[in-house]
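Participant: Sharing a structure here in structure tokens format.
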Amino acid sequence: MADETQEAGGIHFPFPFTPYAIQKDFMAALYQVLEAGKIGIFESPTGTGKSLSLICGALSWLRDFEQKKRQEEERLLGAGAPASHNGLAPALGLPSSCQGSPGTPGATGEPDWITQFVQKKEERDLVDRLKEEQVRRKKREERLQQIRHNAKLRFAAKRMRQEDEETERLLRLSSEMLATGTEPEQVASGEEELVLAEYESDEEKGVPSGVDMDEDDLDEEHVTKIYYCSRTHSQLAQFVHEVQKSPFGQDTRLVSLGSRQNLCVNGDVRKLGSVQLINDRCVEMQRSKHERKSITEEEEPTRRTRRQEPRATCPFYSYERLQLLRDEVLAGVKDVEQLVALGEEAQACPYYGGRFAIPAAQLVVLPYQMLLHAPTRQAAGIRLQGQVVVIDEAHNLIDTITNIHSVEVRGSQLCQAHSQLLQYTERYGKRLKAKNLMYIKQLLYLLEKFVAVLGGNIKQNPNTQSLSQAGTELKTINDFLFQSKIDNINLFKVRRYCEKSKISRKLLGFTERYGAVLVPSMEQPKLSGFQDFLQSLQPGAMAAPAAPVEVGEDRSPRPASPLMHVEGFLEALTTANQDGRVILSRQGSLSQSSLKFLLLNPAVHFAQVVKECRAVVIAGGTMQPVSDFREQLLAGAGVEAERVVEFSCAGPPTRCWTSRIRRGGCLRWSVQPACLPVAFMGLEDGFRAGHSGQSRMDETGRILCNLCNVVPGGVVCFFPSYEYQHQVCTHWEKSGLLARLTIRKKIFQEPRKANRVEQVLLEYSRCIKHCGQAQGTETGALLLSVVGGKMSEGINFSDDLGRCVVMVGMPYPNIMSPELQEKMAYLDQTLPRGPGQARPGKVLVENLCMKAVNQSIGRAIRHQKDFASIVLLDQRYASPAIQAKLPAWIRDRVEVKATFGPAFAALRKFHREKAGLC
């Protein structure tokens with residue numbers, strides 16, 4: 001269908017078809033949020049075209065913003081007079097002195113002639129900068145236009161790659177012919193890269209060092225752009241495909257970002273498997289490249305006299321090829337898979353090619369873990385100042401931030417790190433400078449104290465080392481530091497040393513090369529290597545390194561260095577005392593015990609995002625309850641309440657039938673305007689996980705039997721836990737209810753193992769399809785699932801796969817969990833409580849419950865013409881406080897009536913009519 005331009009709120013929105021009214025409202029509200037620089041919380045149920053609304057609304061604003069900016073630039077360059085138009089002054093880089101009127105007196109009290117001189121100089125500098133920016137923009141547009149119309153340029157990088165390989169081969173042959181003589185070596189061949197370089201702290205050195213010195217040549221000034229984040233790569237790929245189909249698909253400069261694991265095209269690196277190993281190997285190869293460049297002519301003869309193994313550099317990292325790949329990325333909209341294919345064709349690295357394309361991009365698509373973690377964000381070259389961030393699928397945003405910054409380190413990892421670091425020091429101690437030795441001794445001391453605070457001994461085997469105490473202990477950060485006796489150590493300096501010296505990577509290379517003695521894992525009871533190491537610590541004994549690993553030997557991917565996990569824990573300990581807690585978990589043996597940092601205040605890490613960005617949009621299909629976002633995330637990040645805007649797609653109510661059932665329950669049914677009918681049912685006698693009331697189980701079974709008799713296709717029933725689901729099924733089997741259910745529906749159960757989920761879903765789908773064609777007594781299938789399990793999020797039960805969703809009870813979290821109890825106590829202390837309001841900790845528990853419910857019931861009704869019924873089996877859903885936490889498109893259509901019979905008849909009529917229409 002031809003693209004159409006729609007107008008909403010006086011703004012023109014290009015759209016691939018005639019949009020729904022809720023899509024027009026969505027785009028208009030989104031446009032206003034971006035224009036005013038606010039924080040928007042947008043809720044749009046599945047089937048309402050949320051992705052297209054986000055794309056067309058946000059890119060329409062960016063189109064208008066760029067047009068206004070260019071008009072302002074032309075006016076400034078033409079008239080030479082400063083101005084501020086529609087908030088464009090910061091985007092244009094106008095100095096503060098240029099944004100006021102000429103007659104305004106200087107705030108510093110300087111004479112007028114000085115103020116005027118400074119102002120004129122700033123104006124000249126601004127005009128010069130705008131001219132340079134125009135030239136760069138014109139060159140970039142010409143390059144991209146040429147690439148779009150000349151496919152031959154796509155093979156230029158491949159030709160360069162072949163020429164570089166031939167040149168490198170000839171140089172290598174020449175070097176081998178000229179090589180003469182050798183000198184005694186202080187260390188084994190190839191070990192130079194394992195030895196720590198001389199370390200200077202930032203205070204001593206003054207200027208931080210970097211390895212990517214020539215990347216500035218690829219860098220451009222960052223234009224105003226939109227960062228779009230979602231949870232998984234598949235969701236990002238789906239969004240990119242929507243952009244390709246939208247009216248903006250031809251002209252938008254889009255970059256898809258991902259991890260090295262997803263984007264690496266170097267087969268030798270990619271086969272390492274582990275994410276951390278791939279990252280480390282890539283960084284080491286880049287460092288090798290820059291170290292080669294840094295060798296001066298005077299140093300070269302000396303270097304040639306030493307025989308050593310050449311350190312490999314990545315053949316896909318080349319300035320010329322990365323330039324071409326960057327332009328190719330910007331020339332058309334591509335997802336991650338298409339970017340990898342392009343990198344393989346051009347023989348250039350897609351990871352760095354995409355990274356270098358960020359400054360000139362208009363839309364950057366990336367996983368939101370990459371944006372929410374500051375070090376990862378900085379490493380990727382993402383700058384948020386003055387930009388727009390859209391976080392989609394944000395219903396679990398708070399949990400994501402908490403999990404990203406919560407770290408757990410096991411007792412076995414602490415012992416492994418201590419063992420490896422001690423062996424490393426014994427081998428290279430005489431070559432290390434005093435500063436390196438000092439920090440290594442501090443790390444060894446920290447590891448020893450961490451093991452001691454768990455009740456263990458660093459010199460004993462952690463697998464067989466029993467602890468005198470068992471259980472979980474929760475400490476504030478300061479109390480943990482004092483109890484561990486490490487409060488005299490400057491953790492900020494230690495963390496900085498680990499970051500700058502790359503000691504964990506050196507240690508990983510050491511263990512990779514020599515197979516350094518490791519503490520065996522819990523699954524490997526043999527301890528000969530570790531016992532040999534303990535014997536080597538005795539007086540007079542010498543520790544001999546293991547034989548080097550052969551080059552051609554096949555090895556399974558090793559896990560990341562345990563010291564890397566310890567570094568993450570050390571970084572977490574530098575968090576403010578009130579924002580986190582340390583959990584000491586003692587589980588019998590030292591190897592099973594752990595130290596875990598729990599982040600209590602996710603707002604401390606989200607604050608930088610909302611502070612730097614022009615606007616932030618938090619969107620999802622189900623965002624209720626939004627009080628968590630307002631209070632825990634935004635208010636804690638310093639966002640004023642006036643800056644937060646809420647928008648929910650919900651049409652006016654239409655028809656509602658409700659009636660009473662036994663024990664005071666009710667059935668509620670509503671038909672939503674866009675062919676999205678929903679039905680509700682509840683019981684006054686609540687269902688809770690762990691309750692074994694047979695009457696509740698019997699009544700649940702009878703309700704499901706009645707539903708299966710009138711609902712065609714698939715029925716998905718969610719239980720609060722695996723244990724309760726098993727308990728109910730066992731009782732149904734004994735009472736005969738399970739046999740009655742199987743007459744109408746074949747029963748499937750959600751597996752506990754993730755590798756069997758796809759198989760169960762496939763069999764479930766095949767059964768429903770077969771029953772629909774066979775027209776027998778069996779009308780479909782019944783899938784018994786668990787809230788928070790593998791099928792409660794991310795699975796689409798569209799059409800016949802989910803004609804009815806049943807929620808048995810309310811999935812309240814484990815109130816006895818120490819993490820949850822500490823989180824509740826933290827919120828009770830920090831969040832305000834108004835008169836008559838519940839405690840913030842109690843509200844947190846209810847919100848966690850309702851978020852899980854909303855995600856589960858959102859598995860059905862996946863598009864405009866889809867329909868389903870939703871049954872809530874618990875009287876607590878009738879509470880106004882609980883109903884307020886339901887999505888708006890459900891909450892606004894709930895009424896209650898007296899009897900069950902007419903309501904159930906209406907439900908049966910509804911499904912028969914809908915089945916006849918399909």
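Residues are named by chain letter and number: chains run A, B, ... in the order of the structure tokens, numbers start at 1 in each chain, and ligands are numbered from 1 in the order shown.
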Using only C-alpha atoms, determine which residues lie at most 7 Å from segment 624-637 of chain A, disregarding the query and same-chain residues fewer than 6 positions distant; provide the list as a list in words.

Facilitator: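 Neighbouring residues, sequence-local ones excluded: Pro602, Ala603, Val604, Phe606, Ala607, Asn847, Lys851, Lys885, Leu886 and Pro887 of chain A.
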
Participant: List as a list in words the protein and nucleic acid residues near segment 50-58 of chain A, meaning an atom at most 7 Å away when only C-alpha atoms are counted, but skip any in the same chain fewer than 2 places from it.

Facilitator: Phe13, Pro14, Phe15, Gln23, Phe26, Met27, Leu30, Tyr31, Ser44, Thr48, Ser60, Trp61, Leu62, Phe239, Glu242 and Val243 of chain A

Participant: Would you kindly return, as a VMD selection string, each protein, DNA or RNA residue with an atom no farther than 9 Å from any atom of Ile458 of chain A, considering only C-alpha atoms and excluding same-chain residues fewer than 5 positions away?

Facilitator: chain A and resid 414 to 415 418 to 419 447 to 449 451 to 452

Participant: Looking at only C-alpha atoms, which of A:Leu196, A:Ile39, A:Ala881, A:Val644 is the one that sits closest to Asn436 of chain A?

Facilitator: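 Of A:Leu196, A:Ile39, A:Ala881, A:Val644, the one nearest Asn436 of chain A is A:Leu196, counting only C-alpha atoms.
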
Participant: List the neighbours of Arg803 of chain A out to 8 Å using only C-alpha atoms; skip same-chain residues closer than 4 positions along the sequence, and give me the result as a list in words.

Facilitator: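 Neighbouring residues, sequence-local ones excluded: Val711, Pro712, Gly713, Gly714, Val715, Ser798, Asp799, Ala860, Phe867, Ala868 and Ser869 of chain A.
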
Participant: Give me, please, the distance in Å between atom CA of Ile391 of chain A and atom CA of Ser256 of chain A, quoted to one decimal.

Facilitator: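 Computed distance, atom CA of Ile391 of chain A to atom CA of Ser256 of chain A, equals 14.9 Å.
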
Participant: Quick one: DSSP helix (DSSP H, G or I) residues in segment 317-355 of chain A, as a ChimeraX atom specification?

Facilitator: /A:319-331,336-346,350-355

Participant: Given the selection you just returned, output its residues as a file containing N, CA and C atoms, formatted as a tab-separated table (two decimals), in the first residue's frame.

Facilitator:
```tsv
chain	number	residue	atom	x	y	z
A	319	TYR	N	41.96	0.73	8.45
A	319	TYR	CA	41.40	2.07	8.35
A	319	TYR	C	40.59	2.26	7.08
A	320	GLU	N	41.19	1.87	5.94
A	320	GLU	CA	40.50	2.11	4.67
A	320	GLU	C	39.23	1.28	4.55
A	321	ARG	N	39.31	0.00	4.95
A	321	ARG	CA	38.13	-0.84	4.82
A	321	ARG	C	37.04	-0.45	5.82
A	322	LEU	N	37.45	-0.02	7.00
A	322	LEU	CA	36.45	0.43	7.98
A	322	LEU	C	35.75	1.70	7.51
A	323	GLN	N	36.49	2.57	6.82
A	323	GLN	CA	35.85	3.76	6.26
A	323	GLN	C	34.76	3.37	5.27
A	324	LEU	N	35.08	2.46	4.37
A	324	LEU	CA	34.10	2.04	3.37
A	324	LEU	C	32.93	1.32	4.02
A	325	LEU	N	33.23	0.47	5.02
A	325	LEU	CA	32.15	-0.24	5.69
A	325	LEU	C	31.26	0.72	6.45
A	326	ARG	N	31.86	1.72	7.11
A	326	ARG	CA	31.06	2.72	7.81
A	326	ARG	C	30.08	3.41	6.86
A	327	ASP	N	30.56	3.83	5.72
A	327	ASP	CA	29.69	4.50	4.75
A	327	ASP	C	28.63	3.55	4.21
A	328	GLU	N	29.01	2.28	4.01
A	328	GLU	CA	28.05	1.30	3.52
A	328	GLU	C	26.95	1.06	4.55
A	329	VAL	N	27.31	1.05	5.83
A	329	VAL	CA	26.32	0.88	6.90
A	329	VAL	C	25.33	2.03	6.89
A	330	LEU	N	25.82	3.25	6.70
A	330	LEU	CA	24.96	4.42	6.72
A	330	LEU	C	24.13	4.57	5.45
A	331	ALA	N	24.51	3.87	4.40
A	331	ALA	CA	23.82	4.04	3.12
A	331	ALA	C	22.48	3.35	3.07
A	336	VAL	N	21.50	-6.77	12.27
A	336	VAL	CA	22.80	-7.34	12.65
A	336	VAL	C	23.25	-8.40	11.66
A	337	GLU	N	22.34	-9.28	11.24
A	337	GLU	CA	22.73	-10.34	10.32
A	337	GLU	C	23.18	-9.76	8.98
A	338	GLN	N	22.49	-8.75	8.50
A	338	GLN	CA	22.88	-8.13	7.24
A	338	GLN	C	24.21	-7.39	7.40
A	339	LEU	N	24.45	-6.82	8.59
A	339	LEU	CA	25.71	-6.14	8.84
A	339	LEU	C	26.88	-7.12	8.85
A	340	VAL	N	26.67	-8.30	9.45
A	340	VAL	CA	27.72	-9.32	9.45
A	340	VAL	C	28.02	-9.79	8.03
A	341	ALA	N	26.99	-10.02	7.24
A	341	ALA	CA	27.19	-10.44	5.84
A	341	ALA	C	27.95	-9.38	5.06
A	342	LEU	N	27.63	-8.12	5.32
A	342	LEU	CA	28.33	-7.03	4.64
A	342	LEU	C	29.79	-6.98	5.07
A	343	GLY	N	30.06	-7.20	6.37
A	343	GLY	CA	31.44	-7.19	6.84
A	343	GLY	C	32.25	-8.33	6.24
A	344	GLU	N	31.64	-9.51	6.11
A	344	GLU	CA	32.35	-10.63	5.50
A	344	GLU	C	32.64	-10.35	4.03
A	345	GLU	N	31.72	-9.71	3.36
A	345	GLU	CA	31.92	-9.39	1.95
A	345	GLU	C	33.01	-8.35	1.78
A	346	ALA	N	33.02	-7.34	2.65
A	346	ALA	CA	34.00	-6.26	2.55
A	346	ALA	C	35.29	-6.58	3.28
A	350	PRO	N	32.55	-5.74	11.32
A	350	PRO	CA	31.25	-5.09	11.52
A	350	PRO	C	31.12	-4.43	12.88
A	351	TYR	N	31.81	-4.97	13.90
A	351	TYR	CA	31.71	-4.39	15.24
A	351	TYR	C	32.26	-2.96	15.24
A	352	TYR	N	33.48	-2.78	14.71
A	352	TYR	CA	34.06	-1.44	14.69
A	352	TYR	C	33.47	-0.59	13.57
A	353	GLY	N	33.07	-1.22	12.47
A	353	GLY	CA	32.44	-0.44	11.41
A	353	GLY	C	31.15	0.20	11.87
A	354	GLY	N	30.32	-0.57	12.62
A	354	GLY	CA	29.11	0.01	13.18
A	354	GLY	C	29.40	1.06	14.23
A	355	ARG	N	30.44	0.82	15.03
A	355	ARG	CA	30.80	1.77	16.08
A	355	ARG	C	31.23	3.11	15.48
```

Participant: DSSP says strand (DSSP E) for which residues of segment 211-273 of chain A? Put them as an NGL selection string?

Facilitator: :A and (226-230 or 254-256)

Participant: Skipping near chain neighbours, those fewer than 2 positions away, what residues fall within 10 Å of His222 of chain A using only C-alpha atoms, listed as a list in words?

Facilitator: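 Surrounding residues, per the criterion: Asp219, Glu220, Thr224, Lys225, Ala357, Ile358, Pro359, Ala360, Ala361, Gln362, Ile382, Arg383, Leu384, Gln385, Gly386 and Gln387 of chain A.
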
Participant: Restricted to C-alpha atoms, what would the selected residues look like written as a CSV table (one decimal), in the first residue's frame?

Facilitator:
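Output file out19.csv is given in full below:
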```
chain,number,residue,atom,x,y,z
A,219,ASP,CA,35.3,10.0,14.2
A,220,GLU,CA,32.8,12.7,13.3
A,224,THR,CA,21.2,14.6,17.0
A,225,LYS,CA,20.0,11.0,17.0
A,357,ALA,CA,29.1,4.9,12.1
A,358,ILE,CA,27.4,6.1,15.3
A,359,PRO,CA,28.3,9.8,15.1
A,360,ALA,CA,26.7,10.3,11.7
A,361,ALA,CA,23.7,8.0,12.3
A,362,GLN,CA,20.2,9.2,12.9
A,382,ILE,CA,27.8,6.2,22.7
A,383,ARG,CA,27.3,9.8,23.7
A,384,LEU,CA,24.0,10.7,25.2
A,385,GLN,CA,24.4,14.4,25.6
A,386,GLY,CA,21.4,16.1,23.9
A,387,GLN,CA,20.2,12.9,22.3
```
